[in-house]
Amino acid sequence: MIGRHPRRRLVAAIAAALLLLLAPRVLARGMLNDIWSVAFAVVLASAWNLLGGLAGQVSIGYSAFLGIGAYTTALLALRGVEPYATLPLAALLGAAFSFVVGLPTFRLRGPYFTIATIGVGEAVRVFASGVSFTGGSSGIRMPPASFDFALNYTSMVVLAVAVVTLAAWLRGSPFGAALAAIRQDIDAAEALGINATRYKLAVHALSAALVAAAGSLFAINFQYISPGSVFDFRLSLSIVLMPIVGGVGTVAGPVWGAIVFSYLQIKMLSVPALRDSYLFLYGTLLILVMLFEPKGLLGLGKRLLRALRRPARVANGA
Amino acid sequence: MHELLAVVVNALLAAGLYATMSYGLAVIYGVMRIINLAHAGILMLGAYVTLTLYDRFGLDPFLSLVLVAPLFFAIGFVLQRLLVRRLPSGGATPSMESLLLLFGLWLVLQNLAYAVWGGDTQSILTPYTMRAVDLAGVRVGVPNLLVFVAGAVCLLLLQLVVKRTNLGRAMRAVTQNRDAARLCGVDADRISAQAFGMGTALAAVAGGLLSTLYAFTPDFGRSFLLKAFCIIVLAGMESVVGVAVGAFVLAFLENALGAFTRVPTSFQDAVSFTLLVVALVVFPQGLPHAFRRVTPRRPALR
């Protein structure tokens with residue numbers, strides 16, 4: 001098992017991070033753009049997984065945090081602030097908004113919480129399209145400053161590596177154990193003295209801050225944002241799908257999910273026939289995962305490995 | 001005073017529709033402990049099927065409900081047999097798996113609508129779409145009035161089925177205690193499929209009604225799903241009357257917001273969510289409890 005060798009895993013992670021950071025010296029811009037998209041997806045999926053996977057609170061309203069990050073950066077940049085300097089504030093605002101969302105909705109459990117978060121996403125999008133300081137539904141363009149892709153690429157890769165490392169560390173920490181207890185049986189966890197609401201709020205804030213930071217980098221990279229792009233329901237949707245398809249609650253699952261999804265997305269954008277059927281693809285994937293392998297690609301991979309290693313025992317066990 | 005009357009009348013008319021679509025969600029929840037996210041997709045599909053019946057065969061949207069309801073009952077029945085039944089169920093609280101499965105189904109339905117009807121905004125224009133009549137001194141659109149009547153008829157029929165027929169009795173029994181119902185010889189599995197069909201039919205009927213009032217796209221239905229959810233959270237799901245009252249409260253607040261404040265109408269869709277949040281803050285224990293009140297947790301008898 002990979003998970004039993006933390007040191008080997010750490011070395012692999014550092015090697016991967018170094019390779020990615022050195023990639024701009026070798027690879028073409030188009031390829032780097034694709035890596036940027038994958039890193040962006042990894043941040044979203046892994047950050048969502050902190051709340052959705054570790055603590056088991058499935059939220060379909062994460063585009064709200066992404067949008068808040070993006071809008072913070074864009075609005076401040078328009079007032080002359082250096083875009084990268086707005087990153088901490090974007091993260092902080094994302095975390096602050098997570099309390100606004102979490103305080104009422106964490107009173108709901110399981111699927112009720114999930115539906116309420118759809119409402120959060122909708123309310124924020126309606127608000128951002130309706131008020132004037134966000135530029136309404138036509139969105140805002142960042143000031144035409146010199147745009148540095150290399151810096152954005154590096155930031156996104158560093159953020160992605162940081163989120164995955166954080167997720168791995170959190171999962172093994174006492175904090176992660178408390179979250180796992182909440183996921184498995186919230187009543188039992190509270191009986192053991194875990195303040196479930198406080199833990200949920202804390203991990204929600206953490207994951208919202210990370211998503212908001214990614215949103216900030218998103219705004220810098222694309223230079224133009226609108227409620228239709230950053231507050232889109234489909235965005236919330238793919239943030240949920242990536243970890244679930246990859247393997248919810250694990251560290252590697254969301255990463256695999258993000259890689260598969262961004263690859264599909266890049267492929268699909270280049271094929272017109274597929275561009276119109278991505279919802280079908282997402283939906284079918286979700287149905288298949290739920291029916292046949294709730295542990296996602298990672299669970300499927302493990303099952304295949306086990307079947308390959310011990311064919312005799314599998315035959316007996318089945 | 002006249003403005004208030006107008007708001008009340010309009011809210012009452014909208015409530016008939018809201019109650020129809022909420023009750024579809026409530027029936028499925030009650031019998032199967034499933035939150036049907038595909039509800040939004042069925043609403044949307046109901047609207048498109050009504051549109052097609054109108055465009056191709058010139059069938060009046062309100063008459064076509066007679067076709068739409070049994071068609072979607074069958075669709076719901078089959079969906080339950082093919083998909084929903086394969087998931088573990090019967091717990092006291094709904095499972096995340098079923099929620100996500102039906103979420104996937106919703107996406108597939110959306111894509112289906114994009115493929116069949118395209119992404120353009122559609123609407124149904126009947127000869128009476130623009131007509132209005134006087135009702136207690138308030139100008140009311142004819143379609144709004146017809147939608148209310150159709151919604152009310154649906155709810156009355158439903159009430160009759162639930163209270164007077166064996167199917168209704170069996171459904172209530174499964175809702176109250178699935179295991180006890182099975183011990184009494186109720187085929188809970190078949191009742192579940194029928195309830196899912198019924199909920200689907202109600203959603204499609206509500207979608208057909210919506211199509212006479214609003215323009216729609218394949219993306220349509222999400223805000224109505226939230227409204228329905230808000231209503232059943234507020235009102236509980238024990239009775240048709242409770243759902244109707246919840247529907248009226250929401251419709252009243254939405255209409256009042258438009259009539260008495262300067263808040264732009266585009267914010268109207270946020271009312272249901274805000275109401276939900278306020279209710280949650282004010283009655284912290286009350287609402288999840290309202291969901292669970294229907295059945296206490298029992299060990300499975302197997």
# chains A, B, ... in the order shown; residues from 1 in each chain; ligands from 1
$ select_by_dssp --residues "range 85-255 of chain A" --states "helix (DSSP H, G or I)" --output "VMD selection string"
chain A and resid 85 to 105 110 to 130 136 to 138 149 to 172 174 to 184 186 to 191 196 to 222 227 to 230 233 to 246 252 to 255
$ interface_residues --of "chain B" --to "chain A" --cutoff "8 Å" --atoms "only C-alpha atoms" --output "PyMOL selection string"
chain B and resi 35+83+86-87+94-112+114-115+223+226+229+264+266-267+269-270+273+277+280-281+284-285+288
$ residues_around --residues "Phe218 in chain A" --least-positions-apart "2" --cutoff "10 Å" --atoms "only C-alpha atoms" --output "list in words"
Trp36, Ser37, Phe40, Leu66, Gly67, Gly69, Ala70, Thr73, Asn152, Met156, Ala212, Ala213, Ala214, Gly215, Ser216, Ile220, Asn221, Phe222, Gln223, Tyr224, Ile225 and Val230 of chain A
$ atom_distance --atom1 "CA of Thr197 in chain A" --atom2 "CA of Leu234 in chain B"
22.4 Å
$ residues_around --residues "Ala203 in chain B" --least-positions-apart "2" --cutoff "8 Å" --atoms "only C-alpha atoms" --output "PyMOL selection string"
chain B and resi 20-21+24-25+39-40+42-43+46+199-201+205-207
$ residues_around --residues "Pro127 in chain B" --least-positions-apart "2" --cutoff "12 Å" --atoms "only C-alpha atoms" --output "PDB file with C-alpha atoms, in the first residue's frame"
ATOM      1  CA  GLY B  58     -51.938  21.825 -31.207  1.00  0.00           C
ATOM      2  CA  ASP B  60     -53.823  22.866 -25.262  1.00  0.00           C
ATOM      3  CA  PRO B  61     -51.201  22.869 -22.475  1.00  0.00           C
ATOM      4  CA  ILE B 124     -45.817  28.541 -25.054  1.00  0.00           C
ATOM      5  CA  LEU B 125     -48.038  31.239 -26.481  1.00  0.00           C
ATOM      6  CA  THR B 129     -51.692  33.890 -22.699  1.00  0.00           C
ATOM      7  CA  MET B 130     -52.064  37.665 -22.732  1.00  0.00           C
ATOM      8  CA  ARG B 131     -55.680  37.811 -21.542  1.00  0.00           C
ATOM      9  CA  ALA B 132     -56.601  38.963 -18.084  1.00  0.00           C
ATOM     10  CA  VAL B 142     -56.026  33.919 -17.469  1.00  0.00           C
ATOM     11  CA  PRO B 143     -53.128  31.422 -17.542  1.00  0.00           C
ATOM     12  CA  THR B 212     -47.704  28.344 -19.619  1.00  0.00           C
TER      13      THR B 212
END
$ residues_around --residues "Gly139 in chain A" --least-positions-apart "4" --cutoff "7 Å" --atoms "only C-alpha atoms" --output "PyMOL selection string"
chain A and resi 134-135+225-227
$ select_by_dssp --residues "range 45-279 of chain A" --states "strand (DSSP E)" --output "list in words"
Ile140, Arg141, Tyr224 and Ile225 of chain A
$ closest_residue --among "A:Ala219, A:Val164, A:Leu159, A:Val26" --to "Pro143 in chain A" --atoms "only C-alpha atoms"
A:Ala219
$ atom_distance --atom1 "CA of Ile60 in chain A" --atom2 "CA of Gly16 in chain B"
29.0 Å
$ atom_distance --atom1 "CA of Leu209 in chain B" --atom2 "CA of Leu4 in chain B"
25.3 Å
$ closest_residue --among "B:Tyr48, B:Tyr23, B:Tyr128, B:Phe62" --to "Val243 in chain B" --atoms "only C-alpha atoms"
B:Tyr23
$ residues_around --residues "range 256-258 of chain A" --least-positions-apart "5" --cutoff "7 Å" --atoms "only C-alpha atoms" --output "PyMOL selection string"
chain A and resi 38+41-42+45+242-243+245-246
$ decode --residues "range 40-169 of chain A" --atoms "C-alpha atoms" --output "CSV table (one decimal), in the first residue's frame"
chain,number,residue,atom,x,y,z
A,40,PHE,CA,-6.5,24.7,-10.7
A,41,ALA,CA,-8.8,21.6,-10.8
A,42,VAL,CA,-6.6,19.9,-8.2
A,43,VAL,CA,-6.8,22.9,-5.8
A,44,LEU,CA,-10.7,23.0,-6.2
A,45,ALA,CA,-11.1,19.2,-5.8
A,46,SER,CA,-8.7,18.7,-2.9
A,47,ALA,CA,-10.0,21.8,-1.1
A,48,TRP,CA,-13.6,20.6,-1.5
A,49,ASN,CA,-12.6,17.2,-0.3
A,50,LEU,CA,-11.5,18.6,3.1
A,51,LEU,CA,-15.1,19.4,3.9
A,52,GLY,CA,-16.9,17.0,1.5
A,53,GLY,CA,-14.7,14.0,1.9
A,54,LEU,CA,-13.0,14.2,5.3
A,55,ALA,CA,-16.0,15.6,7.2
A,56,GLY,CA,-18.6,14.2,4.8
A,57,GLN,CA,-20.5,17.4,4.3
A,58,VAL,CA,-21.3,17.5,0.6
A,59,SER,CA,-21.7,21.0,-0.6
A,60,ILE,CA,-22.8,22.0,-4.1
A,61,GLY,CA,-22.3,25.7,-3.7
A,62,TYR,CA,-18.5,26.1,-3.9
A,63,SER,CA,-18.6,28.4,-6.9
A,64,ALA,CA,-19.6,31.0,-4.4
A,65,PHE,CA,-16.1,30.9,-2.8
A,66,LEU,CA,-14.3,30.8,-6.1
A,67,GLY,CA,-16.3,33.8,-7.3
A,68,ILE,CA,-15.6,35.8,-4.1
A,69,GLY,CA,-11.9,35.2,-4.5
A,70,ALA,CA,-12.1,36.2,-8.2
A,71,TYR,CA,-14.2,39.3,-7.6
A,72,THR,CA,-12.0,40.5,-4.6
A,73,THR,CA,-8.9,40.4,-6.8
A,74,ALA,CA,-10.6,42.0,-9.9
A,75,LEU,CA,-12.3,44.8,-7.9
A,76,LEU,CA,-9.1,45.7,-6.0
A,77,ALA,CA,-7.0,45.5,-9.1
A,78,LEU,CA,-9.3,48.0,-10.7
A,79,ARG,CA,-8.5,50.3,-7.8
A,80,GLY,CA,-4.8,50.0,-8.4
A,81,VAL,CA,-3.8,47.3,-6.0
A,82,GLU,CA,-1.2,44.8,-7.2
A,83,PRO,CA,-3.3,41.7,-8.1
A,84,TYR,CA,-1.1,39.2,-6.3
A,85,ALA,CA,-1.1,41.2,-3.1
A,86,THR,CA,-4.9,40.7,-3.0
A,87,LEU,CA,-4.5,36.9,-2.6
A,88,PRO,CA,-4.5,36.8,1.2
A,89,LEU,CA,-7.5,39.1,1.4
A,90,ALA,CA,-9.4,37.0,-1.2
A,91,ALA,CA,-8.7,33.9,0.9
A,92,LEU,CA,-9.8,35.7,4.1
A,93,LEU,CA,-13.0,37.0,2.5
A,94,GLY,CA,-13.7,33.5,1.3
A,95,ALA,CA,-13.2,32.1,4.8
A,96,ALA,CA,-15.4,34.9,6.3
A,97,PHE,CA,-18.2,34.1,3.8
A,98,SER,CA,-17.9,30.4,4.7
A,99,PHE,CA,-19.1,31.3,8.2
A,100,VAL,CA,-22.1,33.2,6.8
A,101,VAL,CA,-22.9,30.1,4.8
A,102,GLY,CA,-22.0,27.5,7.5
A,103,LEU,CA,-23.6,29.0,10.6
A,104,PRO,CA,-27.2,28.4,9.3
A,105,THR,CA,-26.7,25.5,6.9
A,106,PHE,CA,-24.6,23.3,9.3
A,107,ARG,CA,-27.7,23.0,11.3
A,108,LEU,CA,-28.9,20.7,8.5
A,109,ARG,CA,-27.6,17.3,8.1
A,110,GLY,CA,-26.5,15.2,5.1
A,111,PRO,CA,-28.7,15.7,2.0
A,112,TYR,CA,-30.6,18.7,3.6
A,113,PHE,CA,-27.3,20.5,3.9
A,114,THR,CA,-26.5,19.7,0.3
A,115,ILE,CA,-29.7,21.2,-1.0
A,116,ALA,CA,-29.3,24.3,1.1
A,117,THR,CA,-25.8,24.8,-0.5
A,118,ILE,CA,-27.4,24.7,-3.9
A,119,GLY,CA,-29.4,27.7,-2.6
A,120,VAL,CA,-26.2,29.4,-1.4
A,121,GLY,CA,-24.7,29.2,-4.9
A,122,GLU,CA,-27.9,30.5,-6.5
A,123,ALA,CA,-28.3,33.3,-4.0
A,124,VAL,CA,-24.8,34.5,-4.5
A,125,ARG,CA,-25.0,34.4,-8.3
A,126,VAL,CA,-28.3,36.2,-8.3
A,127,PHE,CA,-26.8,38.8,-6.0
A,128,ALA,CA,-23.6,39.3,-8.1
A,129,SER,CA,-25.7,39.7,-11.2
A,130,GLY,CA,-28.1,42.1,-9.6
A,131,VAL,CA,-26.0,44.6,-7.8
A,132,SER,CA,-24.0,47.3,-9.7
A,133,PHE,CA,-20.6,47.3,-7.9
A,134,THR,CA,-19.7,43.9,-9.4
A,135,GLY,CA,-20.5,45.1,-12.9
A,136,GLY,CA,-23.7,43.1,-12.9
A,137,SER,CA,-24.2,40.2,-15.3
A,138,SER,CA,-21.8,41.7,-17.9
A,139,GLY,CA,-18.9,41.1,-15.5
A,140,ILE,CA,-15.6,43.0,-15.1
A,141,ARG,CA,-12.3,43.2,-17.0
A,142,MET,CA,-9.1,43.5,-15.1
A,143,PRO,CA,-6.9,46.5,-15.7
A,144,PRO,CA,-4.7,46.0,-18.8
A,145,ALA,CA,-1.5,45.6,-16.9
A,146,SER,CA,1.5,43.5,-18.1
A,147,PHE,CA,0.3,40.0,-17.6
A,148,ASP,CA,2.8,37.5,-16.4
A,149,PHE,CA,1.8,33.9,-17.1
A,150,ALA,CA,5.0,32.4,-15.6
A,151,LEU,CA,4.2,33.9,-12.2
A,152,ASN,CA,0.6,32.7,-12.3
A,153,TYR,CA,1.7,29.2,-13.4
A,154,THR,CA,4.1,29.0,-10.5
A,155,SER,CA,1.5,30.3,-8.0
A,156,MET,CA,-1.1,27.8,-9.1
A,157,VAL,CA,1.3,24.9,-9.0
A,158,VAL,CA,2.6,25.9,-5.5
A,159,LEU,CA,-1.0,26.3,-4.3
A,160,ALA,CA,-2.0,22.9,-5.7
A,161,VAL,CA,1.0,21.2,-4.0
A,162,ALA,CA,0.3,23.0,-0.8
A,163,VAL,CA,-3.4,22.0,-0.8
A,164,VAL,CA,-2.6,18.3,-1.4
A,165,THR,CA,0.1,18.3,1.3
A,166,LEU,CA,-2.2,20.0,3.7
A,167,ALA,CA,-4.9,17.4,2.9
A,168,ALA,CA,-2.5,14.5,3.5
A,169,TRP,CA,-1.3,16.0,6.8
